[in-house]
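Structure data (TSV, C-alpha atoms (C1' of nucleotides)) from work.tsv:
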chain	number	residue	atom	x	y	z
A	1	MET	CA	107.75	87.51	46.74
A	2	SER	CA	105.84	84.32	45.90
A	3	GLU	CA	102.76	83.09	47.78
A	4	ARG	CA	104.77	80.11	49.01
A	5	GLU	CA	107.52	82.33	50.41
A	6	ARG	CA	104.89	84.42	52.11
A	7	ALA	CA	103.42	81.36	53.82
A	8	LEU	CA	106.61	80.93	55.87
A	9	GLY	CA	106.10	83.66	58.42
A	10	SER	CA	108.86	86.13	59.17
A	11	THR	CA	110.23	86.52	62.66
A	12	LEU	CA	111.71	89.78	63.80
A	13	LYS	CA	113.98	90.04	66.81
A	14	PHE	CA	115.40	93.20	68.18
A	15	ALA	CA	117.36	94.49	71.12
A	16	VAL	CA	115.62	96.58	73.77
A	17	PRO	CA	117.03	98.81	76.54
A	18	PRO	CA	118.44	96.91	79.58
A	19	ASP	CA	115.54	98.04	81.79
A	20	TYR	CA	112.86	96.78	79.40
A	21	VAL	CA	110.44	94.15	80.76
A	22	PHE	CA	107.88	93.25	78.11
A	23	ARG	CA	104.96	92.11	80.28
A	24	ARG	CA	105.34	95.02	82.71
A	25	ASP	CA	105.88	97.70	80.07
A	26	VAL	CA	103.15	96.55	77.65
A	27	CYS	CA	100.62	96.24	80.46
A	28	SER	CA	101.25	99.78	81.65
A	29	TYR	CA	98.37	101.68	80.05
A	30	GLY	CA	94.78	100.73	79.23
A	31	TYR	CA	95.29	100.72	75.47
A	32	PHE	CA	96.87	97.26	75.68
A	33	LEU	CA	93.28	96.08	76.32
A	34	LEU	CA	91.82	97.83	73.26
A	35	ALA	CA	91.41	96.34	69.77
A	36	PRO	CA	93.20	95.51	67.65
A	37	ASN	CA	95.59	94.72	70.51
A	38	ARG	CA	94.96	91.41	72.20
A	39	TRP	CA	96.92	90.61	75.36
A	40	ASP	CA	97.17	86.92	76.25
A	41	PRO	CA	97.94	86.54	79.97
A	42	ALA	CA	98.62	82.80	79.60
A	43	THR	CA	101.51	83.26	77.16
A	44	GLU	CA	102.32	86.86	78.17
A	45	SER	CA	102.24	87.87	74.54
A	46	LEU	CA	100.52	90.61	72.57
A	47	GLY	CA	98.68	89.72	69.38
A	48	ARG	CA	97.74	92.35	66.86
A	49	THR	CA	96.93	92.97	63.23
A	50	PHE	CA	99.23	95.47	61.51
A	51	GLU	CA	99.32	97.11	58.13
A	52	VAL	CA	102.55	97.47	56.22
A	53	GLY	CA	103.27	98.66	52.70
A	54	GLU	CA	102.04	101.83	51.13
A	55	PRO	CA	98.86	103.52	49.86
A	56	GLY	CA	97.24	101.34	47.24
A	57	ALA	CA	99.26	98.27	48.27
A	58	TRP	CA	98.57	97.72	51.95
A	59	LEU	CA	99.40	94.31	53.36
A	60	THR	CA	97.57	93.05	56.44
A	61	VAL	CA	99.83	91.14	58.83
A	62	ARG	CA	98.86	89.29	61.95
A	63	ALA	CA	101.70	89.28	64.49
A	64	VAL	CA	102.44	88.01	67.99
A	65	ILE	CA	104.95	89.92	70.09
A	66	ASP	CA	106.72	88.60	73.16
A	67	GLN	CA	110.01	88.50	75.05
A	68	PRO	CA	110.91	84.78	75.05
A	69	ALA	CA	113.63	84.93	77.74
A	70	GLY	CA	111.39	87.07	79.90
A	71	SER	CA	114.31	88.75	81.64
A	72	ASN	CA	115.13	92.47	81.82
A	73	GLY	CA	116.44	93.74	78.52
A	74	SER	CA	116.32	90.42	76.66
A	75	PRO	CA	115.35	90.69	72.98
A	76	VAL	CA	111.77	91.16	71.89
A	77	ARG	CA	110.39	88.83	69.21
A	78	VAL	CA	107.70	89.56	66.61
A	79	ARG	CA	106.30	86.50	64.81
A	80	CYS	CA	104.29	87.19	61.64
A	81	ASP	CA	101.72	85.02	59.91
A	82	GLN	CA	103.47	85.55	56.57
A	83	ARG	CA	106.84	86.32	55.06
A	84	LEU	CA	107.63	90.02	54.63
A	85	ASP	CA	110.19	91.75	52.48
A	86	ARG	CA	112.80	94.10	53.90
A	87	ALA	CA	110.75	97.28	53.53
A	88	ASP	CA	107.69	95.76	55.20
A	89	LEU	CA	109.81	94.38	58.04
A	90	ALA	CA	111.27	97.84	58.58
A	91	SER	CA	107.77	99.33	58.71
A	92	LEU	CA	106.61	96.68	61.18
A	93	ARG	CA	109.68	97.18	63.35
A	94	SER	CA	109.12	100.92	63.55
A	95	GLN	CA	105.43	100.45	64.48
A	96	VAL	CA	106.30	97.97	67.24
A	97	ARG	CA	109.04	100.24	68.58
A	98	ARG	CA	106.53	103.08	68.91
A	99	MET	CA	104.07	100.83	70.72
A	100	LEU	CA	106.69	99.64	73.17
A	101	ASN	CA	107.99	103.20	73.60
A	102	LEU	CA	111.57	102.00	73.20
A	103	GLU	CA	112.88	105.46	72.29
A	104	ASP	CA	111.88	106.88	75.67
A	105	GLN	CA	115.05	108.54	76.98
A	106	GLY	CA	113.50	109.76	80.22
A	107	VAL	CA	113.40	106.57	82.30
A	108	ARG	CA	116.39	107.41	84.51
A	109	ALA	CA	115.35	111.00	84.95
A	110	PHE	CA	111.87	109.86	85.99
A	111	HIS	CA	113.30	107.46	88.59
A	112	ARG	CA	115.55	110.24	89.93
A	113	SER	CA	112.49	112.45	90.27
A	114	ALA	CA	110.27	109.65	91.65
A	115	PRO	CA	112.54	107.08	93.40
A	116	GLU	CA	109.48	105.26	94.73
A	117	PHE	CA	109.10	103.68	91.26
A	118	ARG	CA	112.71	102.49	90.96
A	119	ARG	CA	112.00	99.13	92.53
A	120	SER	CA	109.04	98.25	90.31
A	121	GLY	CA	110.89	99.74	87.35
A	122	ARG	CA	107.68	101.34	86.09
A	123	ALA	CA	108.40	104.22	83.72
A	124	ARG	CA	107.53	103.33	80.13
A	125	LEU	CA	103.99	103.67	78.84
A	126	PHE	CA	102.43	101.52	76.17
A	127	ARG	CA	100.90	103.29	73.17
A	128	SER	CA	99.71	102.72	69.59
A	129	PRO	CA	101.73	102.27	66.38
A	130	THR	CA	100.57	105.72	65.22
A	131	LEU	CA	99.64	109.04	66.77
A	132	PHE	CA	96.38	108.91	64.81
A	133	GLU	CA	95.31	105.70	66.54
A	134	ASP	CA	96.23	107.21	69.92
A	135	VAL	CA	94.10	110.29	69.19
A	136	ILE	CA	91.05	108.25	68.10
A	137	LYS	CA	91.41	105.91	71.09
A	138	THR	CA	91.50	108.97	73.33
A	139	VAL	CA	88.32	110.38	71.75
A	140	THR	CA	86.58	107.02	72.25
A	141	SER	CA	87.53	107.10	75.93
A	142	CYS	CA	85.89	110.47	76.64
A	143	ASN	CA	82.55	110.75	78.40
A	144	VAL	CA	81.98	107.04	78.37
A	145	ALA	CA	82.41	103.96	80.54
A	146	TRP	CA	85.50	101.82	79.85
A	147	THR	CA	83.40	98.94	78.49
A	148	SER	CA	81.99	101.27	75.82
A	149	THR	CA	85.51	102.36	74.86
A	150	ILE	CA	86.41	98.68	74.44
A	151	ARG	CA	83.32	98.13	72.28
A	152	MET	CA	83.90	101.17	70.06
A	153	ASN	CA	87.47	100.11	69.27
A	154	GLU	CA	86.39	96.52	68.59
A	155	ARG	CA	83.72	97.72	66.16
A	156	LEU	CA	86.02	100.19	64.43
A	157	CYS	CA	88.35	97.25	63.73
A	158	THR	CA	85.54	94.90	62.71
A	159	VAL	CA	83.67	97.36	60.51
A	160	VAL	CA	86.46	99.50	59.02
A	161	ASN	CA	89.88	97.86	59.26
A	162	PRO	CA	91.17	94.93	61.36
A	163	ALA	CA	94.51	96.73	61.79
A	164	PHE	CA	92.68	99.88	63.02
A	165	PRO	CA	91.16	102.41	60.62
A	166	ARG	CA	93.52	104.61	58.64
A	167	PRO	CA	92.81	108.39	58.57
A	168	SER	CA	91.64	108.24	54.96
A	169	GLN	CA	89.21	105.42	55.77
A	170	LEU	CA	87.56	107.38	58.56
A	171	ALA	CA	87.60	110.57	56.47
A	172	ARG	CA	85.49	108.80	53.82
A	173	ARG	CA	82.93	107.35	56.22
A	174	LYS	CA	79.55	108.91	56.75
A	175	PRO	CA	79.17	109.96	60.40
A	176	GLY	CA	75.82	108.14	60.57
A	177	THR	CA	77.48	104.87	59.54
A	178	LEU	CA	80.08	105.15	62.28
A	179	ARG	CA	77.36	105.94	64.77
A	180	ALA	CA	75.10	103.05	63.73
A	181	ARG	CA	77.74	100.36	63.15
A	182	CYS	CA	80.54	101.32	65.54
A	183	GLY	CA	78.47	102.77	68.39
A	184	VAL	CA	80.53	105.94	68.64
A	185	GLY	CA	77.45	108.10	69.32
A	186	TYR	CA	77.83	111.86	69.01
A	187	ARG	CA	81.60	111.42	68.47
A	188	ASP	CA	80.83	110.40	64.85
A	189	VAL	CA	81.34	113.83	63.22
A	190	ARG	CA	84.42	114.54	65.35
A	191	ILE	CA	86.04	111.23	64.39
A	192	VAL	CA	85.41	111.79	60.68
A	193	GLU	CA	86.78	115.34	60.97
A	194	ILE	CA	89.95	114.12	62.73
A	195	GLY	CA	90.32	111.53	59.96
A	196	ARG	CA	90.11	114.30	57.37
A	197	LEU	CA	92.70	116.44	59.15
A	198	PHE	CA	95.21	113.57	59.42
A	199	ALA	CA	94.51	112.30	55.89
A	200	SER	CA	95.11	115.70	54.35
A	201	GLY	CA	98.10	116.56	56.55
A	202	ALA	CA	96.34	119.77	57.55
A	203	SER	CA	98.19	122.40	59.57
A	204	ALA	CA	95.94	121.50	62.54
A	205	VAL	CA	97.89	118.24	62.96
A	206	ASP	CA	101.21	119.26	61.42
A	207	GLY	CA	104.24	119.07	63.69
A	208	LEU	CA	102.51	117.36	66.61
A	209	GLU	CA	105.28	114.77	66.78
A	210	ASP	CA	108.08	117.31	66.53
A	211	SER	CA	109.84	116.85	69.87
A	212	SER	CA	111.72	120.14	69.52
A	213	ARG	CA	108.53	122.17	69.98
A	214	PRO	CA	107.57	123.51	73.41
A	215	ASP	CA	104.92	121.59	75.39
A	216	ASP	CA	102.49	124.49	75.66
A	217	GLU	CA	102.47	125.05	71.91
A	218	VAL	CA	101.65	121.38	71.20
A	219	TYR	CA	99.01	121.34	73.94
A	220	GLU	CA	97.26	124.41	72.47
A	221	GLN	CA	97.36	122.82	69.02
A	222	LEU	CA	95.75	119.63	70.35
A	223	LEU	CA	92.98	121.68	71.97
A	224	GLY	CA	92.08	122.90	68.48
A	225	LEU	CA	91.19	119.39	67.29
A	226	PRO	CA	87.53	118.29	67.24
A	227	GLY	CA	86.59	116.22	70.29
A	228	ILE	CA	89.78	117.15	72.12
A	229	GLY	CA	89.30	119.14	75.33
A	230	PRO	CA	91.64	119.62	78.30
A	231	TYR	CA	91.50	115.98	79.44
A	232	ALA	CA	92.02	114.49	75.98
A	233	ALA	CA	94.78	116.97	75.08
A	234	SER	CA	96.71	116.13	78.26
A	235	ASN	CA	96.29	112.44	77.53
A	236	VAL	CA	97.56	112.77	73.97
A	237	MET	CA	100.48	114.79	75.36
A	238	GLN	CA	101.62	111.80	77.43
A	239	LEU	CA	101.17	109.55	74.40
A	240	LEU	CA	103.57	111.93	72.63
A	241	GLY	CA	106.09	111.44	75.41
A	242	ARG	CA	105.35	114.77	77.09
A	243	TYR	CA	104.56	114.02	80.72
A	244	GLY	CA	104.13	117.47	82.24
A	245	HIS	CA	100.30	117.64	82.01
A	246	LEU	CA	97.72	115.76	84.08
A	247	PRO	CA	94.63	114.45	82.27
A	248	VAL	CA	92.21	115.04	85.13
A	249	ASP	CA	88.96	113.06	84.90
A	250	THR	CA	86.50	111.38	87.25
A	251	GLU	CA	89.02	108.61	87.82
A	252	THR	CA	91.54	111.20	89.05
A	253	MET	CA	88.93	112.49	91.48
A	254	ARG	CA	88.24	109.00	92.77
A	255	HIS	CA	91.97	108.40	93.22
A	256	ALA	CA	92.41	111.73	95.03
A	257	ARG	CA	89.65	110.90	97.47
A	258	SER	CA	90.19	107.20	98.06
A	259	VAL	CA	93.99	106.87	97.83
A	260	LEU	CA	95.38	110.34	98.55
A	261	GLY	CA	92.74	111.04	101.20
A	262	MET	CA	91.84	114.44	99.78
A	263	GLU	CA	88.50	116.06	100.46
A	264	GLY	CA	86.40	118.86	99.03
A	265	GLU	CA	84.46	119.77	95.93
A	266	ASP	CA	85.73	118.84	92.47
A	267	LYS	CA	87.12	122.30	91.67
A	268	ARG	CA	89.17	122.48	94.86
A	269	LEU	CA	90.21	118.84	94.51
A	270	ARG	CA	91.48	119.52	91.01
A	271	GLU	CA	93.72	122.29	92.36
A	272	ARG	CA	95.00	120.06	95.16
A	273	VAL	CA	95.80	117.24	92.72
A	274	GLU	CA	97.78	119.65	90.52
A	275	GLU	CA	99.58	120.86	93.65
A	276	HIS	CA	100.31	117.32	94.80
A	277	TYR	CA	102.05	116.28	91.58
A	278	ARG	CA	103.75	119.63	90.85
A	279	PRO	CA	107.05	118.57	92.49
A	280	TYR	CA	107.46	115.88	89.79
A	281	GLY	CA	107.75	118.62	87.16
A	282	GLU	CA	108.00	117.27	83.64
A	283	HIS	CA	107.42	113.72	84.98
A	284	ARG	CA	104.16	114.45	86.78
A	285	PHE	CA	101.94	112.33	84.56
A	286	ARG	CA	104.06	109.22	85.13
A	287	ALA	CA	104.09	109.76	88.90
A	288	TYR	CA	100.31	110.15	88.88
A	289	TRP	CA	99.67	107.31	86.48
A	290	PHE	CA	101.86	104.66	88.11
A	291	GLU	CA	100.43	105.53	91.51
A	292	LEU	CA	96.95	104.97	90.05
A	293	TRP	CA	98.11	101.81	88.25
A	294	ALA	CA	99.62	100.43	91.47
A	295	ASP	CA	96.21	100.87	93.09
A	296	TYR	CA	94.57	98.91	90.24
A	297	GLU	CA	97.15	96.15	90.67
A	298	ARG	CA	96.53	96.03	94.43
A	299	ARG	CA	92.86	95.41	93.63
A	300	ARG	CA	93.13	93.18	90.55
A	301	GLY	CA	96.63	91.66	90.61
A	302	PRO	CA	99.52	92.41	88.23
A	303	ALA	CA	98.26	93.94	84.99
A	304	TRP	CA	99.86	91.19	82.88
A	305	THR	CA	97.49	88.67	84.54
A	306	TRP	CA	94.34	90.60	83.54
A	307	ASP	CA	92.12	88.73	81.14
A	308	PRO	CA	90.83	91.20	78.51
A	309	GLU	CA	87.42	89.47	78.62
A	310	THR	CA	86.90	89.72	82.38
A	311	THR	CA	89.25	91.76	84.59
A	312	GLY	CA	90.18	94.03	81.70
A	313	LYS	CA	86.60	95.28	81.44
A	314	THR	CA	86.24	96.41	85.05
A	315	PHE	CA	88.09	99.71	84.97
A	316	THR	CA	85.85	102.70	85.32
A	317	ALA	CA	85.62	105.23	88.13
A	318	SER	CA	82.12	104.27	89.25
A	319	SER	CA	82.90	100.55	89.50
A	320	LEU	CA	86.11	101.17	91.46
A	321	ARG	CA	84.57	103.58	93.92
A	322	ASP	CA	84.94	102.45	97.51
B	1	DG	C1'	85.81	133.74	82.49
B	2	DG	C1'	82.34	130.86	84.41
B	3	DT	C1'	78.26	127.87	84.09
B	4	DA	C1'	74.24	125.14	82.44
B	5	DG	C1'	72.59	121.91	79.47
B	6	DA	C1'	72.79	118.87	75.45
B	7	DC	C1'	75.17	115.20	73.33
B	8	DC	C1'	74.92	109.27	73.16
B	9	DT	C1'	75.46	104.74	74.98
B	10	DG	C1'	75.11	101.01	78.11
B	11	DG	C1'	74.58	99.36	82.69
B	12	DA	C1'	71.98	99.40	87.03
B	13	DC	C1'	67.79	99.52	89.13
B	14	DG	C1'	62.79	99.37	90.12
B	15	DC	C1'	58.50	97.77	88.75
C	1	DG	C1'	60.75	93.01	79.58
C	2	DC	C1'	60.23	97.79	79.89
C	3	DG	C1'	61.07	102.48	81.53
C	4	DT	C1'	63.98	105.56	84.09
C	5	DC	C1'	68.18	107.22	85.89
C	6	DC	C1'	73.04	107.90	85.89
C	7	DA	C1'	78.08	108.14	84.48
C	8	DG	C1'	81.30	110.02	81.46
C	9	DG	C1'	84.32	114.81	78.76
C	10	DT	C1'	83.40	118.19	75.11
C	11	DC	C1'	81.00	121.85	73.03
C	12	DT	C1'	77.95	125.75	72.63
C	13	DA	C1'	75.06	129.33	74.22
C	14	DC	C1'	74.43	132.46	77.53
C	15	DC	C1'	75.40	135.57	81.43
As structure tokens, the full file:
Amino acid sequence: MSERERALGSTLKFAVPPDYVFRRDVCSYGYFLLAPNRWDPATESLGRTFEVGEPGAWLTVRAVIDQPAGSNGSPVRVRCDQRLDRADLASLRSQVRRMLNLEDQGVRAFHRSAPEFRRSGRARLFRSPTLFEDVIKTVTSCNVAWTSTIRMNERLCTVVNPAFPRPSQLARRKPGTLRARCGVGYRDVRIVEIGRLFASGASAVDGLEDSSRPDDEVYEQLLGLPGIGPYAASNVMQLLGRYGHLPVDTETMRHARSVLGMEGEDKRLRERVEEHYRPYGEHRFRAYWFELWADYERRRGPAWTWDPETTGKTFTASSLRD
DNA sequence: GGTAGACCTGGACGC
DNA sequence: GCGTCCAGGTCTACC
């Protein structure tokens, strides 16, 4: 493809399920506020840098994704800053489909289990183009305030790769460099090690996306990864489309006390939270999460109106405490 | 199996 | 402007 042909940006349009509402379903999980994603509340579009191609010939593409008609189930559009060939368009399409979680077959079942979310239509959860990015984003969200998570992801994109670091890029980095330039702190060694595992296709990460495997097996495997404890493993589970685990953190405790009216010490509260969401079975994460999200929206307005520079930075348990 | 303390960063607070 | 304290989940050592 010539340079001139490339200059005329490609546009991709594709059908989505009838229930799909772009602004609601993108702004459904905090990762829509993390680099390289950039939500624009004014145009209700998501900007992002992607990488297409193959090892040794990566192509960096800047794209803007939206749903021009804005109505349920109307096609989603992806506008690129350059012209892509068929293979690159296919790669981009598959990355966007993962982010938008379009293959999620459990929406109806979730609404049967939790009819209180039928009216809002909440069910789908936003995620990253790759499992690797979801895992690293999860590690950067552990033991840290939300603003620091935002900063770490920004710096990883600025310092290593604007489309988000690839496993091999993090595998090659010195931990000290990541710590000094990306502000990841003691997570440096763990991030490099996760990069190595994904880059080499080690058995520790093999089969994580195999949906035929039982939940408990995948959960145990995740717990074996560096930097991944019970909270992070449960969070990655939901990013894999497995919603039966609850990632319990300080924010869960705040929610239990302030919204569910529960009392007691953390250990007892943890048990009560598990008990509370048990009736939702394999959908319990979604029931928990959209209840929490509805509370955020009561405080801050609909998520699609949040400005990443202001409102988007205010989510952390201590700042939301009543 | 349970628990205490270290890990690192940035924000809040007091002086 | 500086020093101190605290929030935040994982990991290791120890009981």
Within 12 Å of chain B: residues of chain A, using all atoms listed in the file, as a VMD selection string: chain A and resid 140 142 to 149 151 to 152 179 to 180 182 to 189 227 318 to 319
Among listed residues A:Pro230, A:Pro115, A:Gly281, A:Gly9, nearest chain C (using only C-alpha atoms (C1' of nucleotides)):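 Checking each of A:Pro230, A:Pro115, A:Gly281, A:Gly9 against chain C, counting only C-alpha atoms (C1' of nucleotides), the winner is A:Pro230.
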Residue among A:Arg190, A:Arg118, A:His255, A:Arg270 lying closest to chain C, counting all atoms listed in the file: A:Arg190
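Note that the spacing between atom CA of A:Pro308 and atom CA of A:Pro41 amounts to 8.6 Å.
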Which polymer residues have any atom within 6 Å of an atom of stretch 21-32 of chain A, counting all atoms listed in the file, with same-chain residues fewer than 2 positions away left out, as a short mmCIF file (atom, residue, chain, number, x, y, z; two decimals) with C-alpha atoms, in the coordinates of the input?
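Full text of result_39.cif as output:
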data_model
loop_
_atom_site.label_atom_id
_atom_site.label_comp_id
_atom_site.auth_asym_id
_atom_site.auth_seq_id
_atom_site.Cartn_x
_atom_site.Cartn_y
_atom_site.Cartn_z
CA LEU A 34 91.82 97.83 73.26
CA ASN A 37 95.59 94.72 70.51
CA ASN A 72 115.13 92.47 81.82
CA ARG A 124 107.53 103.33 80.13
CA LEU A 125 103.99 103.67 78.84
CA PHE A 126 102.43 101.52 76.17
CA ALA A 303 98.26 93.94 84.99
CA TRP A 304 99.86 91.19 82.88
#
Point-to-point distance from atom CA of A:Leu292 to atom CA of A:Ser128, Å rounded to tenths: 20.8 Å
Point-to-point distance in Å for atom CA of A:Arg286 and atom CA of A:Met99: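 Pair atom CA of A:Met99 / atom CA of A:Arg286 returns 16.7 Å.
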Test item: chain C residues at most 10 Å from chain A, counting all atoms listed in the file, as number ranges by chain: C: 7-11
Residue neighbourhood A:Pro247, 10 Å, only C-alpha atoms (C1' of nucleotides), exclusion window fewer than 4 positions, as a count of residues only: 15
Rebuild N, CA, C and O atoms on stretch 212-226 of chain A, as a PDB file, in the frame of the given file?
ATOM      1  N   SER A 212     110.983 118.902  69.216  1.00  0.00           N
ATOM      2  CA  SER A 212     111.720 120.140  69.520  1.00  0.00           C
ATOM      3  C   SER A 212     110.770 121.285  69.896  1.00  0.00           C
ATOM      4  O   SER A 212     111.197 122.323  70.381  1.00  0.00           O
ATOM      5  N   ARG A 213     109.479 121.085  69.681  1.00  0.00           N
ATOM      6  CA  ARG A 213     108.530 122.170  69.980  1.00  0.00           C
ATOM      7  C   ARG A 213     108.199 122.213  71.474  1.00  0.00           C
ATOM      8  O   ARG A 213     108.183 121.177  72.136  1.00  0.00           O
ATOM      9  N   PRO A 214     107.911 123.410  71.981  1.00  0.00           N
ATOM     10  CA  PRO A 214     107.570 123.510  73.410  1.00  0.00           C
ATOM     11  C   PRO A 214     106.236 122.842  73.731  1.00  0.00           C
ATOM     12  O   PRO A 214     105.316 122.843  72.898  1.00  0.00           O
ATOM     13  N   ASP A 215     106.125 122.296  74.943  1.00  0.00           N
ATOM     14  CA  ASP A 215     104.920 121.590  75.390  1.00  0.00           C
ATOM     15  C   ASP A 215     103.646 122.432  75.218  1.00  0.00           C
ATOM     16  O   ASP A 215     102.644 121.952  74.699  1.00  0.00           O
ATOM     17  N   ASP A 216     103.704 123.668  75.672  1.00  0.00           N
ATOM     18  CA  ASP A 216     102.490 124.490  75.660  1.00  0.00           C
ATOM     19  C   ASP A 216     101.948 124.712  74.250  1.00  0.00           C
ATOM     20  O   ASP A 216     100.738 124.743  74.033  1.00  0.00           O
ATOM     21  N   GLU A 217     102.862 124.849  73.299  1.00  0.00           N
ATOM     22  CA  GLU A 217     102.470 125.050  71.910  1.00  0.00           C
ATOM     23  C   GLU A 217     101.720 123.821  71.379  1.00  0.00           C
ATOM     24  O   GLU A 217     100.669 123.927  70.744  1.00  0.00           O
ATOM     25  N   VAL A 218     102.279 122.629  71.671  1.00  0.00           N
ATOM     26  CA  VAL A 218     101.650 121.380  71.200  1.00  0.00           C
ATOM     27  C   VAL A 218     100.301 121.185  71.884  1.00  0.00           C
ATOM     28  O   VAL A 218      99.306 120.795  71.253  1.00  0.00           O
ATOM     29  N   TYR A 219     100.259 121.482  73.173  1.00  0.00           N
ATOM     30  CA  TYR A 219      99.010 121.340  73.940  1.00  0.00           C
ATOM     31  C   TYR A 219      97.907 122.232  73.340  1.00  0.00           C
ATOM     32  O   TYR A 219      96.784 121.774  73.124  1.00  0.00           O
ATOM     33  N   GLU A 220      98.239 123.487  73.056  1.00  0.00           N
ATOM     34  CA  GLU A 220      97.260 124.410  72.470  1.00  0.00           C
ATOM     35  C   GLU A 220      96.797 123.905  71.110  1.00  0.00           C
ATOM     36  O   GLU A 220      95.620 124.001  70.766  1.00  0.00           O
ATOM     37  N   GLN A 221      97.719 123.353  70.339  1.00  0.00           N
ATOM     38  CA  GLN A 221      97.360 122.820  69.020  1.00  0.00           C
ATOM     39  C   GLN A 221      96.382 121.652  69.159  1.00  0.00           C
ATOM     40  O   GLN A 221      95.401 121.559  68.419  1.00  0.00           O
ATOM     41  N   LEU A 222      96.641 120.786  70.129  1.00  0.00           N
ATOM     42  CA  LEU A 222      95.750 119.630  70.350  1.00  0.00           C
ATOM     43  C   LEU A 222      94.348 120.101  70.735  1.00  0.00           C
ATOM     44  O   LEU A 222      93.343 119.516  70.310  1.00  0.00           O
ATOM     45  N   LEU A 223      94.283 121.158  71.543  1.00  0.00           N
ATOM     46  CA  LEU A 223      92.980 121.680  71.970  1.00  0.00           C
ATOM     47  C   LEU A 223      92.139 122.163  70.782  1.00  0.00           C
ATOM     48  O   LEU A 223      90.914 122.243  70.880  1.00  0.00           O
ATOM     49  N   GLY A 224      92.790 122.435  69.675  1.00  0.00           N
ATOM     50  CA  GLY A 224      92.080 122.900  68.480  1.00  0.00           C
ATOM     51  C   GLY A 224      91.446 121.774  67.687  1.00  0.00           C
ATOM     52  O   GLY A 224      90.678 122.013  66.754  1.00  0.00           O
ATOM     53  N   LEU A 225      91.745 120.519  68.043  1.00  0.00           N
ATOM     54  CA  LEU A 225      91.190 119.390  67.290  1.00  0.00           C
ATOM     55  C   LEU A 225      89.778 119.070  67.766  1.00  0.00           C
ATOM     56  O   LEU A 225      89.485 119.187  68.958  1.00  0.00           O
ATOM     57  N   PRO A 226      88.900 118.621  66.842  1.00  0.00           N
ATOM     58  CA  PRO A 226      87.530 118.290  67.240  1.00  0.00           C
ATOM     59  C   PRO A 226      87.504 117.142  68.245  1.00  0.00           C
ATOM     60  O   PRO A 226      88.204 116.142  68.063  1.00  0.00           O
TER      61      PRO A 226
END
